[in-house]
Structures are given as C-alpha cells and as structure tokens.
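data29.pdb follows; it contains PDB, C-alpha atoms.
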ATOM      1  CA  MET A   1    -160.269 -45.493  16.378  1.00  0.00           C
ATOM      2  CA  ASN A   2    -156.508 -45.670  16.836  1.00  0.00           C
ATOM      3  CA  GLN A   3    -153.947 -47.117  14.458  1.00  0.00           C
ATOM      4  CA  TYR A   4    -151.723 -49.915  15.711  1.00  0.00           C
ATOM      5  CA  GLU A   5    -148.780 -51.901  14.452  1.00  0.00           C
ATOM      6  CA  VAL A   6    -148.894 -55.461  15.773  1.00  0.00           C
ATOM      7  CA  MET A   7    -145.920 -57.783  15.389  1.00  0.00           C
ATOM      8  CA  TYR A   8    -145.777 -61.299  16.697  1.00  0.00           C
ATOM      9  CA  VAL A   9    -143.379 -64.203  16.309  1.00  0.00           C
ATOM     10  CA  ILE A  10    -144.799 -67.686  15.837  1.00  0.00           C
ATOM     11  CA  ASP A  11    -142.881 -70.881  16.619  1.00  0.00           C
ATOM     12  CA  ALA A  12    -141.154 -71.886  13.360  1.00  0.00           C
ATOM     13  CA  ALA A  13    -141.695 -75.603  14.047  1.00  0.00           C
ATOM     14  CA  LEU A  14    -145.449 -75.150  13.507  1.00  0.00           C
ATOM     15  CA  GLU A  15    -147.004 -76.756  10.393  1.00  0.00           C
ATOM     16  CA  ASP A  16    -148.028 -74.422   7.538  1.00  0.00           C
ATOM     17  CA  SER A  17    -151.744 -75.123   7.942  1.00  0.00           C
ATOM     18  CA  ALA A  18    -151.616 -74.532  11.711  1.00  0.00           C
ATOM     19  CA  ARG A  19    -149.645 -71.303  11.196  1.00  0.00           C
ATOM     20  CA  ILE A  20    -152.190 -69.988   8.668  1.00  0.00           C
ATOM     21  CA  GLU A  21    -155.005 -70.927  11.033  1.00  0.00           C
ATOM     22  CA  LEU A  22    -153.285 -69.043  13.873  1.00  0.00           C
ATOM     23  CA  ILE A  23    -152.807 -65.904  11.743  1.00  0.00           C
ATOM     24  CA  ASP A  24    -156.485 -66.055  10.690  1.00  0.00           C
ATOM     25  CA  ARG A  25    -157.512 -66.492  14.318  1.00  0.00           C
ATOM     26  CA  PHE A  26    -155.823 -63.245  15.355  1.00  0.00           C
ATOM     27  CA  SER A  27    -157.224 -61.441  12.305  1.00  0.00           C
ATOM     28  CA  GLU A  28    -160.726 -62.591  13.247  1.00  0.00           C
ATOM     29  CA  LEU A  29    -160.143 -61.477  16.831  1.00  0.00           C
ATOM     30  CA  VAL A  30    -159.445 -57.965  15.581  1.00  0.00           C
ATOM     31  CA  LYS A  31    -162.589 -57.951  13.422  1.00  0.00           C
ATOM     32  CA  LYS A  32    -164.826 -59.345  16.201  1.00  0.00           C
ATOM     33  CA  ASN A  33    -163.725 -56.618  18.609  1.00  0.00           C
ATOM     34  CA  GLY A  34    -164.593 -53.773  16.234  1.00  0.00           C
ATOM     35  CA  GLY A  35    -161.250 -53.329  14.491  1.00  0.00           C
ATOM     36  CA  GLU A  36    -160.247 -53.113  10.854  1.00  0.00           C
ATOM     37  CA  ILE A  37    -157.208 -54.770   9.321  1.00  0.00           C
ATOM     38  CA  ASP A  38    -155.273 -52.547   6.938  1.00  0.00           C
ATOM     39  CA  ARG A  39    -152.632 -55.096   6.006  1.00  0.00           C
ATOM     40  CA  VAL A  40    -151.054 -58.361   7.185  1.00  0.00           C
ATOM     41  CA  ASP A  41    -147.424 -58.880   6.181  1.00  0.00           C
ATOM     42  CA  GLU A  42    -145.885 -62.288   6.679  1.00  0.00           C
ATOM     43  CA  TRP A  43    -142.133 -61.791   6.890  1.00  0.00           C
ATOM     44  CA  GLY A  44    -141.497 -65.499   7.049  1.00  0.00           C
ATOM     45  CA  LYS A  45    -139.043 -67.643   8.948  1.00  0.00           C
ATOM     46  CA  ARG A  46    -136.064 -65.770  10.380  1.00  0.00           C
ATOM     47  CA  ARG A  47    -133.293 -66.443  12.835  1.00  0.00           C
ATOM     48  CA  LEU A  48    -133.908 -64.972  16.291  1.00  0.00           C
ATOM     49  CA  ALA A  49    -131.346 -62.666  17.863  1.00  0.00           C
ATOM     50  CA  TYR A  50    -131.325 -64.892  20.936  1.00  0.00           C
ATOM     51  CA  ALA A  51    -132.911 -68.209  21.837  1.00  0.00           C
ATOM     52  CA  ILE A  52    -136.462 -68.059  23.194  1.00  0.00           C
ATOM     53  CA  ASN A  53    -137.550 -71.249  24.972  1.00  0.00           C
ATOM     54  CA  TYR A  54    -134.602 -73.022  23.326  1.00  0.00           C
ATOM     55  CA  LYS A  55    -135.861 -72.035  19.846  1.00  0.00           C
ATOM     56  CA  THR A  56    -133.564 -70.152  17.475  1.00  0.00           C
ATOM     57  CA  GLU A  57    -135.989 -69.481  14.592  1.00  0.00           C
ATOM     58  CA  GLY A  58    -139.378 -67.837  14.430  1.00  0.00           C
ATOM     59  CA  TYR A  59    -142.026 -66.918  11.851  1.00  0.00           C
ATOM     60  CA  TYR A  60    -142.617 -63.154  11.877  1.00  0.00           C
ATOM     61  CA  VAL A  61    -146.045 -61.597  11.198  1.00  0.00           C
ATOM     62  CA  LEU A  62    -146.761 -57.855  11.055  1.00  0.00           C
ATOM     63  CA  MET A  63    -150.320 -56.465  11.108  1.00  0.00           C
ATOM     64  CA  TYR A  64    -151.478 -52.884  10.650  1.00  0.00           C
ATOM     65  CA  ILE A  65    -154.887 -52.363  12.239  1.00  0.00           C
ATOM     66  CA  LYS A  66    -157.358 -49.646  13.210  1.00  0.00           C
ATOM     67  CA  ALA A  67    -159.068 -50.516  16.451  1.00  0.00           C
ATOM     68  CA  PRO A  68    -160.675 -49.148  19.616  1.00  0.00           C
ATOM     69  CA  SER A  69    -158.370 -48.546  22.567  1.00  0.00           C
ATOM     70  CA  GLU A  70    -159.490 -51.732  24.393  1.00  0.00           C
ATOM     71  CA  LEU A  71    -158.370 -54.111  21.650  1.00  0.00           C
ATOM     72  CA  PRO A  72    -154.574 -54.086  22.334  1.00  0.00           C
ATOM     73  CA  LYS A  73    -155.131 -55.473  25.844  1.00  0.00           C
ATOM     74  CA  GLU A  74    -157.316 -58.256  24.442  1.00  0.00           C
ATOM     75  CA  LEU A  75    -154.708 -59.074  21.775  1.00  0.00           C
ATOM     76  CA  GLU A  76    -151.929 -59.132  24.383  1.00  0.00           C
ATOM     77  CA  ARG A  77    -153.987 -61.463  26.558  1.00  0.00           C
ATOM     78  CA  ASN A  78    -154.517 -63.860  23.639  1.00  0.00           C
ATOM     79  CA  PHE A  79    -150.837 -63.711  22.654  1.00  0.00           C
ATOM     80  CA  GLN A  80    -149.815 -64.634  26.213  1.00  0.00           C
ATOM     81  CA  ILE A  81    -152.291 -67.510  26.431  1.00  0.00           C
ATOM     82  CA  ASN A  82    -151.112 -69.142  23.198  1.00  0.00           C
ATOM     83  CA  ASP A  83    -147.983 -71.296  23.552  1.00  0.00           C
ATOM     84  CA  LYS A  84    -147.170 -71.019  19.839  1.00  0.00           C
ATOM     85  CA  ILE A  85    -146.490 -67.256  20.108  1.00  0.00           C
ATOM     86  CA  LEU A  86    -142.889 -66.635  21.177  1.00  0.00           C
ATOM     87  CA  ARG A  87    -142.991 -62.814  21.368  1.00  0.00           C
ATOM     88  CA  SER A  88    -145.382 -59.988  20.505  1.00  0.00           C
ATOM     89  CA  LEU A  89    -145.377 -56.210  20.407  1.00  0.00           C
ATOM     90  CA  ILE A  90    -148.209 -53.741  19.849  1.00  0.00           C
ATOM     91  CA  ILE A  91    -147.380 -50.109  19.071  1.00  0.00           C
ATOM     92  CA  ARG A  92    -149.777 -47.214  18.513  1.00  0.00           C
ATOM     93  CA  TYR A  93    -148.742 -44.925  15.690  1.00  0.00           C
ATOM     94  CA  GLU A  94    -150.068 -41.969  13.775  1.00  0.00           C
ATOM     95  CA  GLY A  95    -149.825 -41.288  10.080  1.00  0.00           C
ATOM     96  CA  GLU A  96    -150.117 -43.358   6.942  1.00  0.00           C
ATOM     97  CA  VAL A  97    -149.512 -47.080   6.820  1.00  0.00           C
ATOM     98  CA  PRO A  98    -145.963 -47.540   5.515  1.00  0.00           C
ATOM     99  CA  ALA A  99    -145.488 -49.011   2.057  1.00  0.00           C
ATOM    100  CA  LYS A 100    -145.006 -52.748   1.908  1.00  0.00           C
ATOM    101  CA  ARG A 101    -141.332 -53.666   1.770  1.00  0.00           C
ATOM    102  CA  GLU A 102    -139.929 -56.428  -0.364  1.00  0.00           C
ATOM    103  CA  PRO A 103    -138.597 -59.361   1.649  1.00  0.00           C
ATOM    104  CA  LEU A 104    -134.849 -59.449   2.092  1.00  0.00           C
ATOM    105  CA  LYS A 105    -133.006 -61.737  -0.279  1.00  0.00           C
ATOM    106  CA  PRO A 106    -130.045 -63.841   0.767  1.00  0.00           C
ATOM    107  CA  TYR A 107    -126.692 -62.175   0.150  1.00  0.00           C
ATOM    108  CA  ALA A 108    -125.758 -64.503  -2.745  1.00  0.00           C
ATOM    109  CA  ALA A 109    -129.041 -63.773  -4.543  1.00  0.00           C
ATOM    110  CA  ARG A 110    -128.528 -60.016  -4.165  1.00  0.00           C
ATOM    111  CA  GLU A 111    -125.071 -60.252  -5.727  1.00  0.00           C
ATOM    112  CA  ALA A 112    -126.384 -62.288  -8.657  1.00  0.00           C
ATOM    113  CA  ALA A 113    -129.282 -59.872  -9.255  1.00  0.00           C
ATOM    114  CA  ALA A 114    -127.139 -56.735  -9.331  1.00  0.00           C
ATOM    115  CA  PRO A 115    -124.212 -56.920 -11.749  1.00  0.00           C
ATOM    116  CA  ALA A 116    -121.023 -55.598 -10.256  1.00  0.00           C
ATOM    117  CA  GLU A 117    -119.965 -52.280 -11.737  1.00  0.00           C
ATOM    118  CA  PRO A 118    -116.263 -51.873 -12.389  1.00  0.00           C
ATOM    119  CA  VAL A 119    -114.632 -49.570  -9.919  1.00  0.00           C
ATOM    120  CA  VAL A 120    -112.412 -46.986 -11.555  1.00  0.00           C
ATOM    121  CA  GLU A 121    -109.934 -45.383  -9.231  1.00  0.00           C
ATOM    122  CA  VAL A 122    -108.497 -42.024 -10.148  1.00  0.00           C
ATOM    123  CA  ALA A 123    -105.171 -41.246  -8.582  1.00  0.00           C
ATOM    124  CA  ALA A 124    -105.120 -37.862  -6.908  1.00  0.00           C
ATOM    125  CA  PRO A 125    -102.176 -35.647  -7.802  1.00  0.00           C
ATOM    126  CA  VAL A 126     -99.521 -35.792  -5.117  1.00  0.00           C
ATOM    127  CA  ALA A 127     -97.895 -32.492  -4.202  1.00  0.00           C
ATOM    128  CA  GLU A 128     -94.139 -32.760  -4.058  1.00  0.00           C
ATOM    129  CA  VAL A 129     -92.651 -31.836  -0.724  1.00  0.00           C
ATOM    130  CA  GLU A 130     -89.157 -30.417  -0.782  1.00  0.00           C
ATOM    131  CA  ALA A 131     -86.656 -31.871   1.621  1.00  0.00           C
ATOM    132  CA  PRO A 132     -85.117 -29.317   3.998  1.00  0.00           C
ATOM    133  CA  THR A 133     -81.755 -28.076   2.862  1.00  0.00           C
ATOM    134  CA  ALA A 134     -78.638 -27.945   4.972  1.00  0.00           C
ATOM    135  CA  GLU A 135     -78.863 -24.157   5.115  1.00  0.00           C
ATOM    136  CA  ALA A 136     -82.318 -24.299   6.724  1.00  0.00           C
ATOM    137  CA  VAL A 137     -81.126 -26.439   9.626  1.00  0.00           C
ATOM    138  CA  VAL A 138     -78.845 -24.515  12.010  1.00  0.00           C
ATOM    139  CA  ASP A 139     -77.849 -26.266  15.217  1.00  0.00           C
ATOM    140  CA  ASP A 140     -75.590 -23.630  16.740  1.00  0.00           C
ATOM    141  CA  GLU A 141     -78.333 -21.014  17.251  1.00  0.00           C
ATOM    142  CA  LYS A 142     -79.668 -20.895  20.791  1.00  0.00           C
ATOM    143  CA  PRO A 143     -83.190 -19.989  21.745  1.00  0.00           C
ATOM    144  CA  GLU A 144     -83.730 -16.456  23.036  1.00  0.00           C
ATOM    145  CA  SER A 145     -84.316 -17.592  26.613  1.00  0.00           C
ATOM    146  CA  GLU A 146     -80.846 -19.161  26.855  1.00  0.00           C
ATOM    147  CA  ALA A 147     -79.094 -16.178  25.235  1.00  0.00           C
ATOM    148  CA  GLU A 148     -79.797 -13.837  28.147  1.00  0.00           C
TER     149      GLU A 148
END

Once more with this new file: its structure as structure tokens, please.
Amino acid sequence: MNQYEVMYVIDAALEDSARIELIDRFSELVKKNGGEIDRVDEWGKRRLAYAINYKTEGYYVLMYIKAPSELPKELERNFQINDKILRSLIIRYEGEVPAKREPLKPYAAREAAAPAEPVVEVAAPVAEVEAPTAEAVVDDEKPESEAE
C-alpha cells in the first residue's frame, strides 16, 4: 500500500453538521476501498488566495492515508462530483507522517502570547578617518603619459 496526503477545500458556507458528515463520508470511502486513515487534520476556515466560484473562504481538511494505488482515482472522482468541494489535491509521499502542527494564531494573539523582549543595541566603534592634508593633494603634477 502507498502513502498519500489528501487535501481538500470545502465550501465555508456549509453548516457544521453537513461539513462533519462530508468529512466522514470521505473517510468512509477510504476505508471501504481498502485504505487506512493515519490522521485527519481539520485546518478550519481560511481565506482563499483567489476566488473560486465567487467564494473567498474555504474550510481546509488534510488527510494522511495508506491505500492501494486505485484509491486516488476514486477519491478524485468523488471530489469532482461533489459541489461542496472547491479544490482537492492528492499527493503520494514516502516516509513518516509529519507531526501535527498547531493551528496558526491571529497576529494579535501571537503578540499577546509572547512578551516582547527589550532590544539592546550596541554601538559599534567607528574608526576615525583622517581628512587628506593639503600636502597630499598636488594639482600641478601631470600623469606620466602627458609628460612625454
């Protein structure tokens, strides 16, 4: 069996109960076709990079599965049939399932959680540059090419 990373974006306007039912439906589809689900991460509602069908927000879901090679085509077919799925992507990968990441916090919450450390600036020593003296500047000398 191969390992796959499946991400799909659900229409954010969908009710919570309908969204949960849709996520369970795709999980059951994996199990019925001989696959195993390692983990389902719900990233939540996020702003889309560009509008899809005039929608600017979507609910992101990421699944890590082990499945036979025929299952991705069946998942893609079901994603395309369902109108509530805005986008989907299935990637085969090798290695361990990555550790679960904490959801991103809004910028204001991150600032409040981490106290600001005072920034101490140390002035670097400045080397003194001597100004050229009058003796160093000689205008009446000609370059060697003009002297000949």

Hey, what's within 12 Å of Leu14 of chain A if we count only C-alpha atoms and toss same-chain stuff fewer than 2 positions away? As an mmCIF file with C-alpha atoms, in the coordinates of the input, please?
data_model
loop_
_atom_site.group_PDB
_atom_site.id
_atom_site.type_symbol
_atom_site.label_atom_id
_atom_site.label_comp_id
_atom_site.auth_asym_id
_atom_site.auth_seq_id
_atom_site.Cartn_x
_atom_site.Cartn_y
_atom_site.Cartn_z
ATOM 1 C CA VAL A 9 -143.379 -64.203 16.309
ATOM 2 C CA ILE A 10 -144.799 -67.686 15.837
ATOM 3 C CA ASP A 11 -142.881 -70.881 16.619
ATOM 4 C CA ALA A 12 -141.154 -71.886 13.360
ATOM 5 C CA ASP A 16 -148.028 -74.422 7.538
ATOM 6 C CA SER A 17 -151.744 -75.123 7.942
ATOM 7 C CA ALA A 18 -151.616 -74.532 11.711
ATOM 8 C CA ARG A 19 -149.645 -71.303 11.196
ATOM 9 C CA ILE A 20 -152.190 -69.988 8.668
ATOM 10 C CA GLU A 21 -155.005 -70.927 11.033
ATOM 11 C CA LEU A 22 -153.285 -69.043 13.873
ATOM 12 C CA ILE A 23 -152.807 -65.904 11.743
ATOM 13 C CA LYS A 45 -139.043 -67.643 8.948
ATOM 14 C CA LYS A 55 -135.861 -72.035 19.846
ATOM 15 C CA GLU A 57 -135.989 -69.481 14.592
ATOM 16 C CA GLY A 58 -139.378 -67.837 14.430
ATOM 17 C CA TYR A 59 -142.026 -66.918 11.851
ATOM 18 C CA ASP A 83 -147.983 -71.296 23.552
ATOM 19 C CA LYS A 84 -147.170 -71.019 19.839
ATOM 20 C CA ILE A 85 -146.490 -67.256 20.108
ATOM 21 C CA LEU A 86 -142.889 -66.635 21.177
#

What's the separation between atom CA of Val30 of chain A and atom CA of Tyr64 of chain A, in Å to one decimal place?
10.7 Å

Length of the atom CA of Lys73 of chain A to atom CA of Leu48 of chain A vector [Å]:
25.1 Å

Please, which residues are within 7 Å of (-156.4, -48.3, 12.8) by the file's coordinates, counting all atoms listed in the file, and could they come as a ChimeraX atom specification?
/A:1-4,36,65-67

Quick one, how far is atom CA of Ile52 of chain A from atom CA of Glu5 of chain A?
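Separation of atom CA of Ile52 of chain A and atom CA of Glu5 of chain A: 22.1 Å.
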